[in-house]
$ cat input.cif   # mmCIF, C-alpha atoms
data_coords
#
loop_
_atom_site.label_atom_id
_atom_site.label_comp_id
_atom_site.auth_asym_id
_atom_site.auth_seq_id
_atom_site.Cartn_x
_atom_site.Cartn_y
_atom_site.Cartn_z
CA MET A 1 -22.64 -38.98 -9.60
CA GLN A 2 -24.19 -36.85 -6.90
CA THR A 3 -27.07 -39.33 -6.62
CA ALA A 4 -24.65 -42.20 -6.10
CA ILE A 5 -22.80 -40.28 -3.44
CA ASN A 6 -26.05 -39.48 -1.63
CA GLU A 7 -27.07 -43.15 -1.79
CA ARG A 8 -23.77 -44.20 -0.20
CA ALA A 9 -24.20 -41.50 2.42
CA GLY A 10 -27.67 -42.83 3.20
CA ALA A 11 -26.31 -46.35 3.59
CA ARG A 12 -23.70 -45.09 5.99
CA ARG A 13 -26.28 -43.15 7.96
CA SER A 14 -28.24 -46.34 8.54
CA ALA A 15 -25.03 -48.15 9.52
CA PHE A 16 -24.15 -45.46 12.03
CA PHE A 17 -27.65 -45.00 13.37
CA SER A 18 -27.16 -47.68 16.02
CA GLN A 19 -24.00 -45.94 17.25
CA GLU A 20 -25.78 -42.59 17.45
CA ARG A 21 -28.65 -44.23 19.32
CA ILE A 22 -26.25 -45.84 21.78
CA VAL A 23 -24.47 -42.55 22.45
CA LEU A 24 -27.80 -40.77 22.90
CA ALA A 25 -28.98 -43.49 25.29
CA ILE A 26 -25.78 -43.20 27.33
CA ALA A 27 -26.24 -39.43 27.53
CA ALA A 28 -29.84 -39.86 28.71
CA LEU A 29 -28.82 -42.48 31.28
CA MET A 30 -26.01 -40.29 32.56
CA PHE A 31 -28.42 -37.35 32.86
CA VAL A 32 -30.84 -39.46 34.94
CA VAL A 33 -28.09 -40.87 37.17
CA PHE A 34 -26.55 -37.44 37.80
CA GLY A 35 -30.00 -35.98 38.41
CA VAL A 36 -30.73 -38.58 41.09
CA THR A 37 -27.30 -38.75 42.74
CA LEU A 38 -25.83 -35.25 42.46
CA PRO A 39 -27.38 -32.48 44.54
CA GLY A 40 -27.89 -29.37 42.47
CA PHE A 41 -27.54 -31.07 39.09
CA LEU A 42 -31.20 -30.46 38.22
CA ASN A 43 -31.20 -26.91 39.54
CA ALA A 44 -32.34 -24.39 36.95
CA GLY A 45 -29.09 -22.43 37.25
CA ASN A 46 -26.95 -25.51 36.65
CA LEU A 47 -29.05 -26.70 33.72
CA LEU A 48 -28.84 -23.23 32.20
CA SER A 49 -25.06 -23.27 32.58
CA LEU A 50 -25.01 -26.77 31.07
CA VAL A 51 -26.95 -25.92 27.93
CA GLN A 52 -24.99 -22.71 27.37
CA SER A 53 -21.58 -24.36 27.70
CA VAL A 54 -22.72 -27.32 25.62
CA SER A 55 -23.84 -24.95 22.88
CA ILE A 56 -20.40 -23.33 22.57
CA LEU A 57 -18.73 -26.75 22.50
CA GLY A 58 -21.23 -27.97 19.95
CA ILE A 59 -20.70 -25.05 17.59
CA LEU A 60 -16.94 -25.63 17.66
CA ALA A 61 -17.46 -29.37 17.15
CA ILE A 62 -19.48 -28.70 13.99
CA GLY A 63 -16.53 -26.80 12.52
CA MET A 64 -14.18 -29.62 13.50
CA ALA A 65 -16.56 -32.24 12.09
CA LEU A 66 -16.71 -30.56 8.68
CA THR A 67 -12.93 -30.70 8.33
CA ILE A 68 -12.73 -34.30 9.53
CA ILE A 69 -15.49 -35.39 7.15
CA GLY A 70 -13.37 -33.85 4.39
CA ARG A 71 -10.39 -35.94 5.56
CA GLY A 72 -8.65 -33.20 7.50
CA ILE A 73 -8.48 -31.85 11.03
CA ASP A 74 -8.31 -28.34 12.50
CA LEU A 75 -6.26 -28.19 15.68
CA ALA A 76 -6.09 -24.39 15.30
CA ILE A 77 -9.83 -23.93 15.82
CA ILE A 78 -9.51 -22.73 19.45
CA SER A 79 -6.63 -20.40 18.62
CA THR A 80 -8.65 -18.95 15.75
CA MET A 81 -11.66 -18.43 17.99
CA ALA A 82 -9.83 -16.86 20.91
CA MET A 83 -7.42 -14.57 19.11
CA SER A 84 -9.83 -13.24 16.49
CA VAL A 85 -12.49 -12.38 19.07
CA ALA A 86 -9.87 -10.97 21.44
CA TRP A 87 -8.85 -8.57 18.66
CA VAL A 88 -12.50 -7.63 18.09
CA ILE A 89 -12.90 -6.78 21.79
CA PHE A 90 -9.59 -4.89 21.75
CA MET A 91 -10.86 -2.78 18.84
CA LEU A 92 -14.13 -2.14 20.65
CA GLY A 93 -12.16 -0.86 23.63
CA GLY A 94 -10.42 1.58 21.30
CA GLY A 95 -13.70 3.02 20.06
CA THR A 96 -14.10 1.06 16.83
CA PRO A 97 -17.79 0.60 15.88
CA VAL A 98 -19.10 -2.89 16.54
CA TRP A 99 -19.89 -3.66 12.90
CA GLN A 100 -16.43 -2.61 11.77
CA ALA A 101 -14.64 -4.56 14.50
CA VAL A 102 -16.62 -7.70 13.71
CA LEU A 103 -16.01 -7.29 9.96
CA LEU A 104 -12.25 -6.90 10.46
CA GLY A 105 -12.22 -9.89 12.80
CA TYR A 106 -14.03 -11.97 10.21
CA ILE A 107 -11.63 -10.94 7.45
CA PHE A 108 -8.84 -12.04 9.79
CA VAL A 109 -10.33 -15.53 10.27
CA VAL A 110 -10.95 -15.93 6.54
CA CYS A 111 -7.25 -15.21 5.98
CA ILE A 112 -6.41 -17.81 8.63
CA GLY A 113 -8.61 -20.38 6.90
CA LEU A 114 -7.05 -19.63 3.52
CA VAL A 115 -3.52 -19.96 4.90
CA ILE A 116 -4.31 -23.30 6.55
CA GLY A 117 -6.11 -24.52 3.44
CA PHE A 118 -3.18 -23.52 1.24
CA LEU A 119 -0.71 -25.35 3.48
CA VAL A 120 -2.81 -28.51 3.38
CA ALA A 121 -4.10 -28.44 -0.20
CA TYR A 122 -1.23 -26.94 -2.18
CA ALA A 123 1.87 -27.30 0.00
CA GLU A 124 0.56 -30.79 0.88
CA ILE A 125 1.53 -30.54 4.52
CA PRO A 126 -0.45 -33.08 6.59
CA ALA A 127 -3.35 -31.25 8.20
CA ILE A 128 -2.48 -32.33 11.72
CA PHE A 129 0.95 -30.69 11.46
CA ALA A 130 -0.18 -27.62 9.52
CA THR A 131 -2.94 -26.78 11.99
CA LEU A 132 -0.76 -27.57 15.00
CA ALA A 133 1.87 -25.12 13.75
CA MET A 134 -0.78 -22.54 12.92
CA THR A 135 -2.12 -22.71 16.48
CA THR A 136 1.10 -21.19 17.75
CA ALA A 137 1.49 -18.88 14.76
CA ILE A 138 -1.98 -17.40 15.17
CA TYR A 139 -1.47 -16.83 18.88
CA GLY A 140 1.99 -15.30 18.45
CA PHE A 141 1.05 -13.08 15.52
CA THR A 142 -2.06 -11.72 17.20
CA ARG A 143 -0.23 -10.99 20.46
CA VAL A 144 2.54 -9.15 18.62
CA ALA A 145 0.41 -7.30 16.06
CA PHE A 146 -2.94 -6.67 17.74
CA VAL A 147 -3.48 -7.72 21.36
CA ASP A 148 -0.87 -7.49 24.12
CA VAL A 149 -2.93 -8.71 27.11
CA ASP A 150 -4.34 -12.08 28.17
CA LEU A 151 -7.81 -11.09 29.37
CA LEU A 152 -10.09 -8.64 27.56
CA PHE A 153 -13.48 -7.36 28.72
CA ILE A 154 -16.25 -6.07 26.48
CA PRO A 155 -16.26 -2.30 27.11
CA GLU A 156 -19.26 -0.46 28.50
CA SER A 157 -19.77 1.26 25.16
CA ALA A 158 -20.56 -2.15 23.64
CA SER A 159 -22.27 -3.69 26.67
CA TRP A 160 -25.46 -4.03 24.64
CA THR A 161 -23.79 -6.87 22.73
CA ARG A 162 -24.18 -8.99 25.87
CA GLU A 163 -27.79 -9.47 24.82
CA PHE A 164 -26.53 -11.64 21.96
CA GLY A 165 -24.88 -14.27 24.13
CA ALA A 166 -26.67 -13.88 27.45
CA GLY A 167 -30.14 -13.13 26.12
CA TYR A 168 -33.19 -15.28 25.41
CA LEU A 169 -35.52 -15.71 22.49
CA PHE A 170 -38.94 -17.18 23.26
CA GLY A 171 -37.53 -18.34 26.58
CA ILE A 172 -34.63 -20.23 24.94
CA PRO A 173 -31.02 -19.13 25.62
CA ILE A 174 -29.58 -17.56 22.49
CA PRO A 175 -26.44 -19.80 22.57
CA VAL A 176 -28.75 -22.81 22.20
CA ILE A 177 -30.50 -21.15 19.28
CA ALA A 178 -27.11 -20.31 17.76
CA PHE A 179 -26.02 -23.95 18.07
CA ALA A 180 -29.25 -25.15 16.46
CA ALA A 181 -28.90 -22.63 13.62
CA VAL A 182 -25.29 -23.61 12.88
CA ALA A 183 -26.22 -27.30 13.04
CA LEU A 184 -29.10 -26.80 10.59
CA LEU A 185 -27.00 -24.78 8.16
CA ALA A 186 -24.15 -27.32 8.33
CA HIS A 187 -26.59 -30.18 7.72
CA LEU A 188 -28.09 -28.44 4.71
CA PHE A 189 -24.62 -27.63 3.42
CA LEU A 190 -23.44 -31.24 3.61
CA ARG A 191 -26.59 -32.83 2.23
CA HIS A 192 -28.00 -30.36 -0.26
CA THR A 193 -25.17 -28.31 -1.77
CA LYS A 194 -22.62 -29.30 -4.37
CA PRO A 195 -19.58 -28.18 -2.28
CA GLY A 196 -20.90 -30.20 0.66
CA VAL A 197 -21.28 -33.29 -1.49
CA PHE A 198 -17.77 -32.71 -2.89
CA ILE A 199 -16.27 -32.44 0.60
CA ARG A 200 -17.94 -35.66 1.71
CA ALA A 201 -16.85 -37.48 -1.45
CA MET A 202 -13.33 -36.09 -1.08
CA GLY A 203 -13.18 -37.42 2.47
CA ASP A 204 -14.56 -40.79 1.43
CA ASN A 205 -12.08 -41.38 -1.39
CA PRO A 206 -9.83 -38.47 -2.41
CA LEU A 207 -8.33 -40.25 -5.40
CA LYS A 208 -11.70 -41.10 -6.93
CA ALA A 209 -12.98 -37.62 -6.20
CA ARG A 210 -10.06 -36.10 -8.07
CA ILE A 211 -10.39 -38.52 -10.99
CA ALA A 212 -14.09 -37.66 -11.18
CA GLY A 213 -13.13 -34.04 -11.75
CA MET A 214 -14.06 -32.64 -8.36
CA PRO A 215 -12.10 -29.49 -7.37
CA THR A 216 -10.50 -31.15 -4.36
CA ARG A 217 -7.92 -28.47 -3.58
CA PRO A 218 -10.40 -25.55 -3.66
CA MET A 219 -12.74 -27.65 -1.51
CA MET A 220 -9.94 -28.01 1.04
CA LEU A 221 -9.56 -24.24 1.12
CA LEU A 222 -13.32 -23.92 1.56
CA GLN A 223 -13.58 -26.38 4.44
CA TYR A 224 -10.89 -24.57 6.46
CA VAL A 225 -12.46 -21.19 5.77
CA ILE A 226 -15.78 -22.59 6.99
CA SER A 227 -14.13 -24.05 10.09
CA ALA A 228 -12.46 -20.71 10.88
CA SER A 229 -15.74 -18.87 10.32
CA ILE A 230 -17.60 -21.19 12.68
CA ALA A 231 -14.84 -20.75 15.27
CA PHE A 232 -15.22 -16.97 15.01
CA PHE A 233 -18.98 -17.22 15.48
CA ALA A 234 -18.54 -19.50 18.50
CA GLY A 235 -16.09 -17.00 19.97
CA LEU A 236 -18.56 -14.13 19.54
CA VAL A 237 -21.27 -16.14 21.30
CA LEU A 238 -18.88 -17.07 24.12
CA ALA A 239 -17.54 -13.53 24.58
CA THR A 240 -20.99 -11.96 24.65
CA LEU A 241 -22.16 -14.66 27.07
CA VAL A 242 -19.44 -14.13 29.70
CA GLY A 243 -18.38 -10.60 28.74
CA THR A 244 -14.72 -11.49 28.27
CA MET A 245 -12.25 -13.42 26.15
CA ASN A 246 -9.24 -15.04 27.77
CA THR A 247 -6.53 -15.71 25.20
CA ARG A 248 -4.98 -18.34 27.49
CA VAL A 249 -7.75 -20.70 26.40
CA VAL A 250 -5.46 -21.39 23.44
CA ASN A 251 -3.22 -23.38 25.80
CA SER A 252 -6.12 -25.26 27.41
CA THR A 253 -7.44 -28.73 26.60
CA MET A 254 -10.54 -27.32 24.90
CA VAL A 255 -9.50 -28.55 21.48
CA TYR A 256 -9.39 -32.10 22.85
CA ASP A 257 -12.93 -31.66 24.20
CA VAL A 258 -14.01 -30.69 20.69
CA ILE A 259 -12.30 -33.71 19.15
CA LEU A 260 -13.78 -35.94 21.86
CA VAL A 261 -17.28 -34.72 20.98
CA VAL A 262 -16.70 -35.46 17.31
CA VAL A 263 -15.19 -38.91 17.80
CA LEU A 264 -17.66 -40.12 20.42
CA GLY A 265 -20.52 -38.80 18.33
CA GLY A 266 -19.51 -41.12 15.51
CA ILE A 267 -17.66 -38.95 13.00
CA VAL A 268 -15.12 -41.29 11.41
CA LEU A 269 -11.56 -39.97 11.54
CA SER A 270 -10.78 -41.51 8.15
CA GLY A 271 -13.17 -39.01 6.58
CA GLY A 272 -16.31 -39.11 4.47
CA ARG A 273 -18.64 -40.51 7.12
CA GLY A 274 -20.90 -39.12 9.78
CA GLY A 275 -23.12 -36.09 9.96
CA ILE A 276 -24.30 -33.24 12.11
CA PHE A 277 -26.56 -35.46 14.23
CA ASN A 278 -23.41 -37.26 15.34
CA VAL A 279 -22.08 -33.95 16.63
CA ILE A 280 -25.31 -33.20 18.50
CA VAL A 281 -25.38 -36.49 20.40
CA GLY A 282 -21.65 -36.29 21.13
CA THR A 283 -22.09 -32.75 22.44
CA LEU A 284 -24.88 -33.82 24.79
CA LEU A 285 -22.84 -36.72 26.15
CA ILE A 286 -19.67 -34.74 26.81
CA GLY A 287 -21.56 -31.73 28.15
CA ILE A 288 -23.43 -33.80 30.72
CA PHE A 289 -20.26 -35.69 31.64
CA LEU A 290 -18.18 -32.55 32.19
CA ASN A 291 -20.93 -30.87 34.17
CA GLY A 292 -21.32 -33.90 36.43
CA MET A 293 -17.57 -34.12 37.00
CA THR A 294 -17.52 -30.45 37.98
CA ILE A 295 -20.35 -30.85 40.50
CA MET A 296 -18.55 -33.84 42.02
CA ASN A 297 -15.50 -31.58 42.48
CA VAL A 298 -13.33 -33.89 40.40
CA SER A 299 -10.04 -32.06 39.95
CA TYR A 300 -9.16 -30.56 36.60
CA SER A 301 -6.19 -32.91 36.27
CA ILE A 302 -8.32 -35.99 36.91
CA GLN A 303 -10.91 -34.77 34.41
CA ASN A 304 -8.19 -34.37 31.81
CA LEU A 305 -6.92 -37.86 32.57
CA ILE A 306 -10.39 -39.35 32.17
CA LYS A 307 -11.03 -37.43 28.95
CA GLY A 308 -7.64 -38.45 27.60
CA VAL A 309 -8.31 -42.12 28.25
CA ILE A 310 -11.78 -41.92 26.70
CA LEU A 311 -10.39 -40.14 23.63
CA LEU A 312 -7.59 -42.69 23.24
CA VAL A 313 -10.00 -45.61 23.48
CA ALA A 314 -12.38 -43.94 21.02
CA ILE A 315 -9.56 -43.36 18.52
CA ILE A 316 -8.38 -46.96 18.86
CA ILE A 317 -11.90 -48.26 18.24
CA ASP A 318 -12.30 -45.91 15.27
CA THR A 319 -8.97 -47.08 13.82
CA VAL A 320 -9.92 -50.75 14.18
CA LEU A 321 -13.40 -50.32 12.72
CA ASN A 322 -12.41 -47.85 10.00
CA PRO A 323 -8.82 -48.52 8.92
CA ARG A 324 -7.21 -46.18 6.41
CA ASP A 325 -5.28 -47.88 3.65
CA GLU A 326 -1.69 -46.88 2.96
CA GLN A 327 -2.57 -44.98 -0.19
CA THR A 328 -4.91 -42.54 1.55
CA SER A 329 -3.59 -42.54 5.11
CA GLN A 330 -1.86 -39.16 4.95
CA GLN A 331 -4.03 -36.18 5.85
CA GLY A 332 -4.27 -33.82 2.91
CA ASP A 333 -2.55 -36.17 0.44
CA ILE A 334 -4.59 -35.37 -2.65
#
$ encode --input "input.cif" --output "structure tokens"
Amino acid sequence: MQTAINERAGARRSAFFSQERIVLAIAALMFVVFGVTLPGFLNAGNLLSLVQSVSILGILAIGMALTIIGRGIDLAIISTMAMSVAWVIFMLGGGTPVWQAVLLGYIFVVCIGLVIGFLVAYAEIPAIFATLAMTTAIYGFTRVAFVDVDLLFIPESASWTREFGAGYLFGIPIPVIAFAAVALLAHLFLRHTKPGVFIRAMGDNPLKARIAGMPTRPMMLLQYVISASIAFFAGLVLATLVGTMNTRVVNSTMVYDVILVVVLGGIVLSGGRGGIFNVIVGTLLIGIFLNGMTIMNVSYSIQNLIKGVILLVAIIIDTVLNPRDEQTSQQGDI
């Protein structure tokens, strides 16, 4: 069974290779055009900022991609990232040891993933609604129970943690290394572990996966715990890079940037198709695009409009090319 699934996955990879190549070519062309036409685009400082911001976006997109491949979606990924790391920083400010604060923060995100997974897998609430509701619930609960401010700074007592996000290893920014490590682990998980194969098969055809005896509901729990864990890791990298965590990012359009990366990269919204390379090429394209728009002083509102139109067109194309039949159209209906 696993061999058959891997064979189908290989066939899909070849089918999607042309799309990945097109996206990668567009990203390369955009990089060249911006490099020639935009003053300062090729400056070392700007390129450093580009690769660091792209890395954070890419890590988050990997978490989103894993849920979408499993026929779900995680709109709470930004809320999970921001509020869990904000609590970690809040605990650091109160004198909690770094290891203990990080451990408690991770336990918190695992609980978030389990709650979302339970709502989707066992309560059978469509994932888009469950995660949308959890976005607000996570933010509200954390503000009431743990953190009562919007902006938190890493305290001087833990300033050494800045080396994690702002440091270098062999001349490479650590956020880039973190992105590469998460991408490699996610690729190995999807291609070479039984849970990864189950999640892909579940996304491809949930009914057949269940008939074949796959533990579809536990796999749903697992994919949301993984997504929450990746969000927490991305938040740690971001916080140690800039030295702060602003909880207002929950109300930003960042989650749409993450979805845009996933969709443009070639991850099919109907589930079961696409891989980590899709996320990488989508991340490069969106990162270069956003950086170029910023240098051109395009207003935030116009950027959001452009991104919204691109996302809408991408979703329409995905829906036309990969329609979901009536039996399996509902997210989480297993």
$ closest_residue --input "input.cif" --among "A:Val33, A:Leu75, A:Leu221, A:Val54" --to "Ile199 of chain A" --atoms "only C-alpha atoms"
A:Leu221
$ atom_distance --input "input.cif" --atom1 "atom CA of Val263 of chain A" --atom2 "atom CA of Ser79 of chain A"
20.4 Å
$ atom_distance --input "input.cif" --atom1 "atom CA of Ala145 of chain A" --atom2 "atom CA of Arg248 of chain A"
16.8 Å
$ closest_residue --input "input.cif" --among "A:Leu92, A:Thr136, A:Ile211, A:Phe189" --to "Ser157 of chain A" --atoms "all atoms listed in the file"
A:Leu92
$ atom_distance --input "input.cif" --atom1 "atom CA of Gly265 of chain A" --atom2 "atom CA of Asn205 of chain A"
21.6 Å
$ residues_around --input "input.cif" --residues "Ser159 of chain A" --least-positions-apart "5" --cutoff "9 Å" --atoms "all atoms listed in the file" --output "MDAnalysis selection string"
chainID A and resid 154 240 243
$ closest_residue --input "input.cif" --among "A:Val149, A:Val109, A:Leu284, A:Ala61" --to "Phe232 of chain A" --atoms "all atoms listed in the file"
A:Val109
$ closest_atom_pairs --input "input.cif" --of "segment 114-143 of chain A" --to "segment 222-228 of chain A" --cutoff "9 Å" --atoms "only C-alpha atoms" --output "CSV"
residue,atom,partner,partner_atom,distance
A:Leu114,CA,A:Val225,CA,6.1
A:Val115,CA,A:Tyr224,CA,8.8
A:Ile116,CA,A:Tyr224,CA,6.7
A:Gly117,CA,A:Tyr224,CA,5.7
$ closest_residue --input "input.cif" --among "A:Thr319, A:Met254, A:Ala186, A:Ile112" --to "Phe141 of chain A" --atoms "all atoms listed in the file"
A:Ile112
